[in-house]
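Shown next: my_file30.cif, given as mmCIF, C-alpha atoms.
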```cif
data_input
#
loop_
_atom_site.label_atom_id
_atom_site.label_comp_id
_atom_site.auth_asym_id
_atom_site.auth_seq_id
_atom_site.Cartn_x
_atom_site.Cartn_y
_atom_site.Cartn_z
CA MET A 203 1.73 0.13 -14.56
CA GLY A 204 2.98 3.54 -13.50
CA ASP A 205 0.40 6.27 -13.04
CA PRO A 206 -3.08 4.77 -13.60
CA ALA A 207 -4.24 7.96 -15.34
CA GLY A 208 -1.39 7.89 -17.86
CA VAL A 209 -0.75 5.76 -20.93
CA GLY A 210 0.96 2.98 -18.97
CA PRO A 211 -2.16 0.77 -18.68
CA GLU A 212 -2.93 1.20 -22.38
CA VAL A 213 0.54 0.34 -23.68
CA ILE A 214 0.78 -2.67 -21.36
CA ALA A 215 -2.51 -3.99 -22.71
CA LYS A 216 -1.42 -3.36 -26.29
CA ALA A 217 1.89 -5.12 -25.62
CA TRP A 218 -0.01 -8.16 -24.36
CA ALA A 219 -2.25 -8.07 -27.46
CA ARG A 220 0.91 -8.25 -29.60
CA ARG A 221 2.61 -10.89 -27.42
CA GLY A 222 2.58 -13.52 -30.19
CA ALA A 223 3.69 -11.32 -33.06
CA GLU A 224 6.46 -9.83 -30.90
CA ALA A 225 7.43 -13.15 -29.26
CA LEU A 226 7.23 -11.63 -25.79
CA PRO A 227 7.89 -13.67 -22.66
CA PRO A 228 5.11 -13.96 -20.05
CA PHE A 229 4.67 -10.83 -17.96
CA VAL A 230 2.27 -9.56 -15.32
CA ALA A 231 0.87 -6.05 -14.82
CA ILE A 232 0.88 -4.68 -11.28
CA GLY A 233 -1.52 -1.89 -10.32
CA ASP A 234 -5.23 -1.12 -10.18
CA VAL A 235 -6.95 -3.42 -12.67
CA ARG A 236 -9.57 -0.72 -13.29
CA ALA A 237 -6.90 1.37 -15.01
CA ILE A 238 -6.63 -1.36 -17.68
CA GLU A 239 -10.39 -1.80 -17.93
CA ARG A 240 -10.93 1.95 -18.45
CA VAL A 241 -8.92 1.95 -21.66
CA TRP A 242 -9.10 -1.62 -23.02
CA SER A 243 -11.84 -4.19 -23.56
CA GLY A 244 -9.58 -7.23 -23.88
CA PRO A 245 -9.45 -10.20 -21.50
CA VAL A 246 -7.98 -9.60 -18.04
CA ALA A 247 -7.26 -12.12 -15.26
CA ARG A 248 -6.96 -10.86 -11.71
CA ILE A 249 -4.32 -12.93 -9.95
CA THR A 250 -3.03 -13.07 -6.39
CA ASP A 251 0.18 -15.05 -6.93
CA LEU A 252 2.82 -14.89 -9.67
CA ALA A 253 2.59 -18.67 -9.98
CA GLU A 254 -0.69 -18.04 -11.81
CA VAL A 255 0.93 -16.07 -14.63
CA ALA A 256 2.08 -19.04 -16.70
CA GLY A 257 -1.40 -20.54 -16.79
CA THR A 258 -3.20 -17.34 -17.73
CA PHE A 259 -0.83 -15.38 -19.98
CA THR A 260 -1.73 -17.08 -23.27
CA ARG A 261 -5.45 -16.22 -22.91
CA CYS A 262 -5.62 -13.19 -20.58
CA LEU A 263 -3.51 -10.28 -19.42
CA PRO A 264 -2.64 -11.20 -15.83
CA VAL A 265 -2.94 -8.32 -13.36
CA LEU A 266 -1.72 -8.43 -9.77
CA THR A 267 -4.10 -5.87 -8.38
CA ILE A 268 -3.29 -2.95 -6.12
CA ASP A 269 -6.66 -1.47 -5.16
CA ASP A 270 -7.73 2.04 -4.16
CA ALA A 271 -6.32 4.29 -6.85
CA GLY A 272 -9.39 6.42 -6.26
CA GLU A 273 -11.55 7.55 -9.17
CA ILE A 274 -9.46 6.82 -12.26
CA VAL A 275 -9.95 9.29 -15.10
CA PRO A 276 -7.50 8.82 -17.99
CA GLY A 277 -5.55 12.01 -18.48
CA VAL A 278 -6.41 13.40 -15.05
CA PRO A 279 -3.70 12.51 -12.51
CA ASP A 280 -4.21 12.83 -8.78
CA VAL A 281 -2.50 11.91 -5.53
CA GLU A 282 -4.50 8.68 -5.09
CA GLY A 283 -3.19 7.48 -8.41
CA ALA A 284 0.33 8.43 -7.33
CA ARG A 285 -0.06 6.39 -4.13
CA CYS A 286 -1.20 3.42 -6.18
CA ALA A 287 1.76 3.83 -8.55
CA LEU A 288 4.19 3.94 -5.64
CA ARG A 289 2.68 0.88 -3.94
CA SER A 290 2.83 -0.97 -7.24
CA LEU A 291 6.48 -0.03 -7.69
CA GLU A 292 7.34 -1.14 -4.16
CA LEU A 293 5.65 -4.50 -4.65
CA ALA A 294 7.17 -5.07 -8.09
CA ALA A 295 10.68 -4.22 -6.88
CA GLY A 296 10.28 -6.57 -3.93
CA LEU A 297 9.02 -9.44 -6.10
CA THR A 298 11.97 -9.01 -8.44
CA GLN A 299 14.50 -8.85 -5.62
CA SER A 300 13.04 -12.02 -4.11
CA GLY A 301 13.36 -13.88 -7.42
CA ALA A 302 9.61 -14.35 -7.83
CA ALA A 303 9.92 -12.23 -10.99
CA ARG A 304 12.96 -12.27 -13.24
CA ALA A 305 12.92 -8.58 -14.19
CA LEU A 306 11.17 -5.31 -13.43
CA VAL A 307 9.69 -3.07 -16.15
CA THR A 308 8.39 0.23 -14.77
CA GLY A 309 5.63 2.26 -16.39
CA PRO A 310 5.71 6.07 -16.60
CA VAL A 311 4.81 8.07 -13.49
CA SER A 312 3.93 11.66 -12.69
CA LYS A 313 6.77 13.07 -10.60
CA ALA A 314 4.67 16.07 -9.67
CA GLN A 315 2.01 13.82 -8.14
CA LEU A 316 4.62 11.62 -6.45
CA TYR A 317 6.30 14.66 -4.94
CA ALA A 318 2.89 15.75 -3.65
CA ILE A 319 2.68 12.56 -1.56
CA GLY A 320 6.19 12.97 -0.16
CA PHE A 321 8.23 10.97 -2.68
CA ALA A 322 11.81 11.99 -1.90
CA TYR A 323 13.66 10.64 -4.94
CA ALA A 324 14.61 12.21 -8.25
CA GLY A 325 12.80 9.38 -10.04
CA GLN A 326 12.02 5.68 -10.11
CA THR A 327 15.66 4.88 -10.92
CA GLU A 328 16.88 6.31 -7.61
CA PHE A 329 14.04 4.67 -5.68
CA VAL A 330 14.76 1.21 -7.10
CA ALA A 331 18.51 1.67 -6.53
CA GLU A 332 17.97 2.45 -2.85
CA ARG A 333 15.61 -0.51 -2.46
CA CYS A 334 18.41 -2.66 -3.89
CA GLY A 335 20.99 -1.16 -1.51
CA ILE A 336 22.96 0.52 -4.30
CA ALA A 337 24.58 3.96 -3.94
CA GLY A 338 23.28 6.55 -6.36
CA GLU A 339 26.59 7.06 -8.15
CA ASN A 340 26.78 3.32 -8.87
CA ALA A 341 23.35 3.20 -10.52
CA VAL A 342 23.55 4.36 -14.11
CA MET A 343 20.71 5.42 -16.43
CA LEU A 344 21.27 3.90 -19.86
CA LEU A 345 18.98 4.79 -22.76
CA ALA A 346 19.02 2.31 -25.63
CA GLY A 347 17.58 1.93 -29.11
CA PRO A 348 18.38 -0.53 -31.91
CA GLY A 349 21.51 1.38 -32.99
CA LEU A 350 22.49 3.64 -30.10
CA ARG A 351 23.10 3.50 -26.36
CA VAL A 352 23.65 6.65 -24.31
CA VAL A 353 24.36 7.44 -20.65
CA PRO A 354 23.70 10.90 -19.19
CA MET A 355 26.29 11.39 -16.44
CA THR A 356 24.08 14.04 -14.83
CA THR A 357 20.32 13.79 -15.13
CA HIS A 358 17.44 15.90 -13.84
CA VAL A 359 19.28 19.03 -12.75
CA PRO A 360 19.39 22.60 -14.09
CA LEU A 361 21.88 22.97 -16.93
CA ALA A 362 23.65 25.70 -14.98
CA SER A 363 24.42 23.15 -12.24
CA VAL A 364 26.11 20.62 -14.51
CA PRO A 365 29.70 22.04 -14.49
CA GLY A 366 29.77 21.93 -10.70
CA LEU A 367 28.50 18.36 -10.62
CA LEU A 368 30.95 16.93 -13.14
CA SER A 369 34.07 15.48 -11.55
CA VAL A 370 36.72 12.92 -12.33
CA GLU A 371 35.33 10.71 -9.58
CA LEU A 372 31.76 10.88 -10.91
CA ILE A 373 32.78 10.16 -14.48
CA VAL A 374 34.99 7.24 -13.52
CA ALA A 375 32.26 5.72 -11.32
CA LYS A 376 29.62 6.06 -14.05
CA ALA A 377 31.98 4.65 -16.68
CA ARG A 378 32.95 1.64 -14.58
CA ALA A 379 29.30 0.81 -13.94
CA THR A 380 28.53 1.30 -17.63
CA ALA A 381 31.30 -1.03 -18.78
CA ARG A 382 30.23 -3.72 -16.29
CA GLY A 383 26.58 -3.24 -17.26
CA LEU A 384 27.22 -3.62 -20.99
CA HIS A 385 29.15 -6.81 -20.34
CA ARG A 386 26.60 -8.29 -17.99
CA ASN A 387 23.31 -7.16 -19.56
CA PHE A 388 24.19 -7.01 -23.26
CA GLY A 389 27.03 -9.50 -23.60
CA VAL A 390 29.52 -6.89 -24.88
CA ALA A 391 32.86 -8.45 -23.95
CA ALA A 392 35.04 -5.33 -24.28
CA PRO A 393 32.78 -2.24 -24.34
CA ARG A 394 33.95 0.87 -26.18
CA LEU A 395 32.95 4.00 -24.22
CA ALA A 396 32.87 7.28 -26.16
CA PHE A 397 32.72 10.52 -24.14
CA ALA A 398 30.97 13.65 -25.36
CA GLY A 399 32.64 16.93 -24.55
CA PHE A 400 30.78 19.38 -22.34
CA ASN A 401 31.50 22.48 -24.42
CA PRO A 402 30.84 23.12 -28.11
CA HIS A 403 33.56 21.48 -30.23
CA ALA A 404 34.81 19.78 -27.04
CA GLY A 405 36.20 23.11 -25.84
CA GLU A 406 38.49 23.81 -28.81
CA GLN A 407 41.59 22.90 -26.75
CA GLY A 408 40.45 25.06 -23.85
CA THR A 409 39.62 28.21 -25.77
CA ILE A 410 35.86 27.89 -25.12
CA GLY A 411 35.87 25.93 -21.89
CA ARG A 412 38.24 23.78 -19.85
CA GLU A 413 35.99 20.98 -18.57
CA GLU A 414 37.41 18.64 -21.21
CA ILE A 415 41.00 19.35 -20.15
CA GLU A 416 40.49 19.49 -16.40
CA ILE A 417 37.78 16.82 -15.85
CA LEU A 418 36.99 14.61 -18.83
CA GLN A 419 40.51 13.90 -20.08
CA PRO A 420 41.92 12.92 -16.64
CA ALA A 421 38.93 10.62 -16.12
CA ILE A 422 39.46 9.01 -19.52
CA GLU A 423 43.15 8.48 -18.79
CA GLN A 424 42.31 6.83 -15.47
CA LEU A 425 39.82 4.52 -17.16
CA ARG A 426 42.36 3.56 -19.81
CA ALA A 427 44.82 2.73 -17.03
CA GLU A 428 42.16 0.32 -15.74
CA SER A 429 41.98 -1.31 -19.22
CA ILE A 430 38.59 0.23 -20.02
CA ASP A 431 38.36 1.28 -23.67
CA ALA A 432 37.55 4.97 -23.14
CA LEU A 433 37.48 7.28 -26.17
CA GLY A 434 37.30 11.05 -26.52
CA PRO A 435 36.22 13.55 -25.47
CA PHE A 436 34.54 14.24 -28.79
CA SER A 437 32.52 17.16 -30.07
CA ALA A 438 28.93 16.11 -29.34
CA ASP A 439 27.59 17.47 -32.63
CA THR A 440 29.51 14.87 -34.65
CA MET A 441 29.00 11.79 -32.44
CA PHE A 442 25.61 10.52 -33.50
CA HIS A 443 25.59 10.04 -37.27
CA ASP A 444 25.72 6.50 -38.63
CA ARG A 445 29.47 6.23 -39.19
CA ALA A 446 30.33 7.71 -35.80
CA ARG A 447 27.97 5.35 -33.95
CA ALA A 448 29.73 2.37 -35.51
CA GLY A 449 32.86 3.29 -33.55
CA TYR A 450 31.54 2.83 -30.02
CA ASP A 451 29.13 0.76 -27.93
CA VAL A 452 27.85 3.57 -25.71
CA ALA A 453 28.10 7.36 -25.62
CA LEU A 454 28.56 8.94 -22.19
CA CYS A 455 27.17 12.46 -22.18
CA CYS A 456 27.62 15.30 -19.73
CA TYR A 457 23.99 16.26 -19.28
CA HIS A 458 20.45 15.04 -19.80
CA ASP A 459 19.52 16.54 -23.18
CA GLN A 460 22.92 15.85 -24.71
CA ALA A 461 22.09 12.15 -24.32
CA LEU A 462 18.32 12.09 -24.74
CA VAL A 463 17.93 14.30 -27.80
CA PRO A 464 19.74 11.84 -30.15
CA ILE A 465 18.15 8.70 -28.70
CA LYS A 466 14.63 10.16 -28.88
CA THR A 467 15.20 11.60 -32.32
CA LEU A 468 16.36 8.28 -33.73
CA TYR A 469 14.20 5.86 -31.73
CA PHE A 470 11.24 7.73 -30.26
CA ASP A 471 8.92 4.70 -30.34
CA GLU A 472 11.59 2.13 -29.44
CA GLY A 473 13.71 3.76 -26.73
CA VAL A 474 14.31 1.88 -23.50
CA ASN A 475 15.65 3.11 -20.17
CA MET A 476 17.73 0.48 -18.36
CA THR A 477 19.30 0.96 -14.94
CA LEU A 478 22.81 -0.47 -14.84
CA GLY A 479 24.58 -1.38 -11.62
CA LEU A 480 21.63 -3.09 -9.92
CA PRO A 481 21.44 -6.67 -8.67
CA ILE A 482 18.15 -6.96 -10.61
CA VAL A 483 17.20 -6.20 -14.21
CA ARG A 484 15.14 -3.02 -14.49
CA THR A 485 13.95 -1.38 -17.70
CA SER A 486 11.25 1.10 -18.65
CA PRO A 487 9.86 2.62 -21.85
CA ASP A 488 11.64 5.88 -22.59
CA HIS A 489 8.56 8.08 -22.55
CA GLY A 490 6.36 9.82 -20.02
CA THR A 491 2.77 9.53 -18.89
CA ALA A 492 1.41 11.38 -21.95
CA PHE A 493 -1.69 12.50 -20.06
CA SER A 494 -2.79 14.53 -23.10
CA ILE A 495 -3.54 11.36 -25.07
CA ALA A 496 -4.39 8.93 -22.24
CA GLY A 497 -7.64 7.05 -22.78
CA GLN A 498 -7.82 7.96 -26.48
CA ASP A 499 -6.35 4.74 -27.94
CA ARG A 500 -3.47 6.76 -29.38
CA ALA A 501 -0.52 5.51 -27.31
CA HIS A 502 2.11 3.50 -29.21
CA PRO A 503 3.29 0.35 -27.36
CA GLY A 504 6.63 0.07 -29.19
CA ALA A 505 8.81 1.31 -26.33
CA THR A 506 7.02 -0.92 -23.79
CA ILE A 507 7.45 -3.93 -26.06
CA ALA A 508 11.13 -3.05 -26.46
CA ALA A 509 11.52 -2.65 -22.67
CA ILE A 510 9.98 -6.07 -22.01
CA ARG A 511 12.15 -7.69 -24.68
CA MET A 512 15.34 -5.97 -23.47
CA ALA A 513 14.64 -7.05 -19.89
CA ALA A 514 14.23 -10.67 -20.98
CA GLU A 515 17.42 -10.55 -23.04
CA ALA A 516 19.35 -9.05 -20.13
CA VAL A 517 18.19 -11.88 -17.87
CA GLU A 518 19.55 -14.37 -20.40
CA HIS A 519 22.88 -12.53 -20.68
CA ARG A 520 23.19 -12.43 -16.88
CA ALA A 521 22.66 -16.18 -16.74
CA ARG A 522 25.76 -16.55 -18.92
CA VAL A 523 27.78 -13.86 -17.08
CA PRO A 524 26.46 -14.15 -13.48
CA HIS A 525 29.27 -12.28 -11.75
CA CYS A 526 30.73 -9.14 -13.29
#
```
Encoding of this model in structure tokens:
Amino acid sequence: MGDPAGVGPEVIAKAWARRGAEALPPFVAIGDVRAIERVWSGPVARITDLAEVAGTFTRCLPVLTIDDAGEIVPGVPDVEGARCALRSLELAAGLTQSGAARALVTGPVSKAQLYAIGFAYAGQTEFVAERCGIAGENAVMLLAGPGLRVVPMTTHVPLASVPGLLSVELIVAKARATARGLHRNFGVAAPRLAFAGFNPHAGEQGTIGREEIEILQPAIEQLRAESIDALGPFSADTMFHDRARAGYDVALCCYHDQALVPIKTLYFDEGVNMTLGLPIVRTSPDHGTAFSIAGQDRAHPGATIAAIRMAAEAVEHRARVPHC
């Protein structure tokens, strides 16, 4: 569920309420059942085993309960809620790794509260990757909407730190994982990877920055030598209109906002975060806890519905391409 004081419980409940209209596969919520009951009056079934999901899903939202989130007040996060969110994430990741669940969809969490209880990861992506035994550089954050996929090659770091973090090795590793992930999770046989330049106008041939010449272009050439269809680097300000998006399957961007601004502008209520490079399928809605509207029946479930659907589709693609 993510943080019990955020909108996670509400959008999960609303997704279940729209399960028929959206043709969603059976799913189970993991967390403190009281977080659901605080914001929703629909039917809930407390379960103790995932084998119970199939028999309850058509009539009730099944919840595998993690107790002791403390006093849950929508919109008011605290460390007890963070502990509950972390225990829920640990259990959900373990159930997915064991095969008891086919995919993991993570709700939004408060990083500030998690850090307050000693959480030592940049986010849930890095936590799940470590639990799966995957090195950080081989786990890739992909953001996807109906007509755009983006990968930020650096994520939650100060913008001033980005030039020092970009390297040929990093870009090649992210691109390899992205190409494999598109093949395995989306069924894209020969993915086209378009690279955004770091500088305005992709550096204008080095006159306003040399990252394109010294880092991006050598990485692209290495990828092409490996038969990966790598394109660019392109000026980022011309990459995201309709005609440009038709020319690639994913845009790899140098920093967080370069990737997330276009995806959230185009698909704010439908954006999904998928972690590529894992042995399991993991998605999440591409939005935060939205504490300011929690408990007010204002949260839109579109991104959660999209995350559930994308996870199910990825499982089906993986069944057809099991080793990639």
Give as a PyMOL selection string the residues that the PyMOL selection byres ((chain A and resi 446-457) around 10) matches when applied to the coordinates above. chain A and resi 344-346+349-361+363-365+367-368+373+376-377+380-381+384+390+392-401+418+431-436+438+440-445+458-462
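Residues matched by the PyMOL selection byres ((chain A and resi 311) around 6) in this file are Gly204, Asp205, Pro310, Ser312 and Thr491 of chain A.
Between atom CA of Glu224 of chain A and atom CA of Gly473 of chain A there is a distance of 16.0 Å.
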Which polymer residues have any atom within 9 Å of an atom of Val517 of chain A, counting only C-alpha atoms, with same-chain residues fewer than 6 positions away left out, as a CSV table (one decimal) with C-alpha atoms, keeping the file's coordinate frame?
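selection12.csv, written as the output of this step:
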```
chain,number,residue,atom,x,y,z
A,304,ARG,CA,13.0,-12.3,-13.2
A,305,ALA,CA,12.9,-8.6,-14.2
A,387,ASN,CA,23.3,-7.2,-19.6
A,482,ILE,CA,18.2,-7.0,-10.6
A,483,VAL,CA,17.2,-6.2,-14.2
```
I need the residue set behind the PyMOL selection byres ((chain A and resi 203) around 6) for this file; please write it as an mmCIF file with C-alpha atoms, in the coordinates of the input.
```
data_model
loop_
_atom_site.group_PDB
_atom_site.id
_atom_site.type_symbol
_atom_site.label_atom_id
_atom_site.label_comp_id
_atom_site.auth_asym_id
_atom_site.auth_seq_id
_atom_site.Cartn_x
_atom_site.Cartn_y
_atom_site.Cartn_z
ATOM 1 C CA GLY A 204 2.980 3.540 -13.500
ATOM 2 C CA GLY A 210 0.960 2.980 -18.970
ATOM 3 C CA PRO A 211 -2.160 0.770 -18.680
ATOM 4 C CA ILE A 232 0.880 -4.680 -11.280
ATOM 5 C CA GLY A 233 -1.520 -1.890 -10.320
ATOM 6 C CA GLY A 309 5.630 2.260 -16.390
#
```
Quick one: contact table of segment 453-502 of chain A to segment 236-241 of chain A, 10 Å max, nearest atom pair and distance in Å to one decimal per residue, counting only C-alpha atoms, chain and number order, as JSON lines?
```
{"residue": "A:Ala496", "atom": "CA", "partner": "A:Val241", "partner_atom": "CA", "distance": 8.3}
{"residue": "A:Gly497", "atom": "CA", "partner": "A:Val241", "partner_atom": "CA", "distance": 5.4}
{"residue": "A:Gln498", "atom": "CA", "partner": "A:Val241", "partner_atom": "CA", "distance": 7.8}
{"residue": "A:Asp499", "atom": "CA", "partner": "A:Val241", "partner_atom": "CA", "distance": 7.3}
```
Can you tell me which residues surround Ala379 of chain A at a distance of at most 9 Å, considering all atoms listed in the file, apart from same-chain residues fewer than 3 positions away, and format the answer as a ChimeraX atom specification? /A:339-342,374-376,382-384,478-479
All residues 10 Å or closer to Pro264 of chain A, all atoms listed in the file, same chain fewer than 5 positions away omitted, as an MDAnalysis selection string: chainID A and resid 215 218 228:232 235 245:250 252 254:259
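If you measure from each of A:Arg289, A:Arg520, A:Lys216, A:Arg333 to Leu316 of chain A using all atoms listed in the file, the closest one turns out to be A:Arg289.
Distance-wise, atom CA of Ala505 of chain A and atom CA of Glu518 of chain A end up 19.9 Å apart.
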Need the shell around Ala501 of chain A: protein/DNA/RNA residues with any atom at most 8 Å away, counting only C-alpha atoms. Skip same-chain ones fewer than 4 positions apart. Format as a ChimeraX atom specification? /A:209,212-213,495-496
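Polymer residues near (7.0, -10.4, -2.9): counting all atoms listed in the file with a cut-off of 12 Å, they are Ile232, Thr250, Asp251, Leu252, Ala253, Leu266, Ser290, Leu291, Glu292, Leu293, Ala294, Ala295, Gly296, Leu297, Thr298, Gln299, Ser300, Gly301, Ala302 and Ala303 of chain A.
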Some atoms are missing, so please complete segment 279-288 of chain A with all heavy atoms and return it as a PDB file, in the frame of the given file.
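After the write, rebuild.pdb holds the following:
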```pdb
ATOM      1  N   PRO A 279      -4.436  13.102 -13.624  1.00  0.00           N
ATOM      2  CA  PRO A 279      -3.700  12.510 -12.510  1.00  0.00           C
ATOM      3  C   PRO A 279      -4.118  13.105 -11.180  1.00  0.00           C
ATOM      4  O   PRO A 279      -4.592  14.245 -11.112  1.00  0.00           O
ATOM      5  CB  PRO A 279      -2.238  12.858 -12.821  1.00  0.00           C
ATOM      6  CG  PRO A 279      -2.332  14.136 -13.601  1.00  0.00           C
ATOM      7  CD  PRO A 279      -3.589  14.016 -14.421  1.00  0.00           C
ATOM      8  N   ASP A 280      -3.952  12.334 -10.119  1.00  0.00           N
ATOM      9  CA  ASP A 280      -4.210  12.830  -8.780  1.00  0.00           C
ATOM     10  C   ASP A 280      -3.333  12.077  -7.786  1.00  0.00           C
ATOM     11  O   ASP A 280      -2.612  11.141  -8.152  1.00  0.00           O
ATOM     12  CB  ASP A 280      -5.696  12.718  -8.402  1.00  0.00           C
ATOM     13  CG  ASP A 280      -6.223  11.289  -8.492  1.00  0.00           C
ATOM     14  OD1 ASP A 280      -5.438  10.324  -8.314  1.00  0.00           O
ATOM     15  OD2 ASP A 280      -7.440  11.112  -8.733  1.00  0.00           O
ATOM     16  N   VAL A 281      -3.397  12.484  -6.523  1.00  0.00           N
ATOM     17  CA  VAL A 281      -2.500  11.910  -5.530  1.00  0.00           C
ATOM     18  C   VAL A 281      -2.869  10.463  -5.213  1.00  0.00           C
ATOM     19  O   VAL A 281      -1.989   9.660  -4.863  1.00  0.00           O
ATOM     20  CB  VAL A 281      -2.456  12.750  -4.236  1.00  0.00           C
ATOM     21  CG1 VAL A 281      -1.846  14.108  -4.501  1.00  0.00           C
ATOM     22  CG2 VAL A 281      -3.841  12.893  -3.621  1.00  0.00           C
ATOM     23  N   GLU A 282      -4.137  10.072  -5.333  1.00  0.00           N
ATOM     24  CA  GLU A 282      -4.500   8.680  -5.090  1.00  0.00           C
ATOM     25  C   GLU A 282      -3.874   7.772  -6.136  1.00  0.00           C
ATOM     26  O   GLU A 282      -3.402   6.678  -5.833  1.00  0.00           O
ATOM     27  CB  GLU A 282      -6.028   8.529  -5.086  1.00  0.00           C
ATOM     28  CG  GLU A 282      -6.718   9.181  -3.909  1.00  0.00           C
ATOM     29  CD  GLU A 282      -6.194   8.663  -2.569  1.00  0.00           C
ATOM     30  OE1 GLU A 282      -5.946   7.444  -2.451  1.00  0.00           O
ATOM     31  OE2 GLU A 282      -6.010   9.467  -1.647  1.00  0.00           O
ATOM     32  N   GLY A 283      -3.864   8.235  -7.362  1.00  0.00           N
ATOM     33  CA  GLY A 283      -3.190   7.480  -8.410  1.00  0.00           C
ATOM     34  C   GLY A 283      -1.706   7.371  -8.151  1.00  0.00           C
ATOM     35  O   GLY A 283      -1.081   6.337  -8.408  1.00  0.00           O
ATOM     36  N   ALA A 284      -1.102   8.451  -7.646  1.00  0.00           N
ATOM     37  CA  ALA A 284       0.330   8.430  -7.330  1.00  0.00           C
ATOM     38  C   ALA A 284       0.618   7.413  -6.216  1.00  0.00           C
ATOM     39  O   ALA A 284       1.629   6.699  -6.269  1.00  0.00           O
ATOM     40  CB  ALA A 284       0.799   9.813  -6.926  1.00  0.00           C
ATOM     41  N   ARG A 285      -0.257   7.368  -5.207  1.00  0.00           N
ATOM     42  CA  ARG A 285      -0.060   6.390  -4.130  1.00  0.00           C
ATOM     43  C   ARG A 285      -0.146   4.962  -4.672  1.00  0.00           C
ATOM     44  O   ARG A 285       0.633   4.088  -4.279  1.00  0.00           O
ATOM     45  CB  ARG A 285      -1.093   6.608  -3.030  1.00  0.00           C
ATOM     46  CG  ARG A 285      -0.878   7.886  -2.224  1.00  0.00           C
ATOM     47  CD  ARG A 285      -1.760   7.919  -0.984  1.00  0.00           C
ATOM     48  NE  ARG A 285      -1.567   9.164  -0.252  1.00  0.00           N
ATOM     49  CZ  ARG A 285      -2.359  10.217  -0.343  1.00  0.00           C
ATOM     50  NH1 ARG A 285      -3.436  10.177  -1.136  1.00  0.00           N
ATOM     51  NH2 ARG A 285      -2.098  11.328   0.339  1.00  0.00           N
ATOM     52  N   CYS A 286      -1.085   4.736  -5.567  1.00  0.00           N
ATOM     53  CA  CYS A 286      -1.200   3.420  -6.180  1.00  0.00           C
ATOM     54  C   CYS A 286       0.049   3.080  -6.990  1.00  0.00           C
ATOM     55  O   CYS A 286       0.567   1.962  -6.925  1.00  0.00           O
ATOM     56  CB  CYS A 286      -2.442   3.376  -7.079  1.00  0.00           C
ATOM     57  SG  CYS A 286      -2.693   1.804  -7.925  1.00  0.00           S
ATOM     58  N   ALA A 287       0.553   4.054  -7.756  1.00  0.00           N
ATOM     59  CA  ALA A 287       1.760   3.830  -8.550  1.00  0.00           C
ATOM     60  C   ALA A 287       2.945   3.496  -7.667  1.00  0.00           C
ATOM     61  O   ALA A 287       3.747   2.596  -7.981  1.00  0.00           O
ATOM     62  CB  ALA A 287       2.061   5.069  -9.404  1.00  0.00           C
ATOM     63  N   LEU A 288       3.071   4.195  -6.534  1.00  0.00           N
ATOM     64  CA  LEU A 288       4.190   3.940  -5.640  1.00  0.00           C
ATOM     65  C   LEU A 288       4.069   2.576  -4.972  1.00  0.00           C
ATOM     66  O   LEU A 288       5.058   1.837  -4.877  1.00  0.00           O
ATOM     67  CB  LEU A 288       4.277   5.044  -4.580  1.00  0.00           C
ATOM     68  CG  LEU A 288       5.419   4.929  -3.569  1.00  0.00           C
ATOM     69  CD1 LEU A 288       6.767   4.831  -4.276  1.00  0.00           C
ATOM     70  CD2 LEU A 288       5.402   6.118  -2.613  1.00  0.00           C
TER      71      LEU A 288
END
```
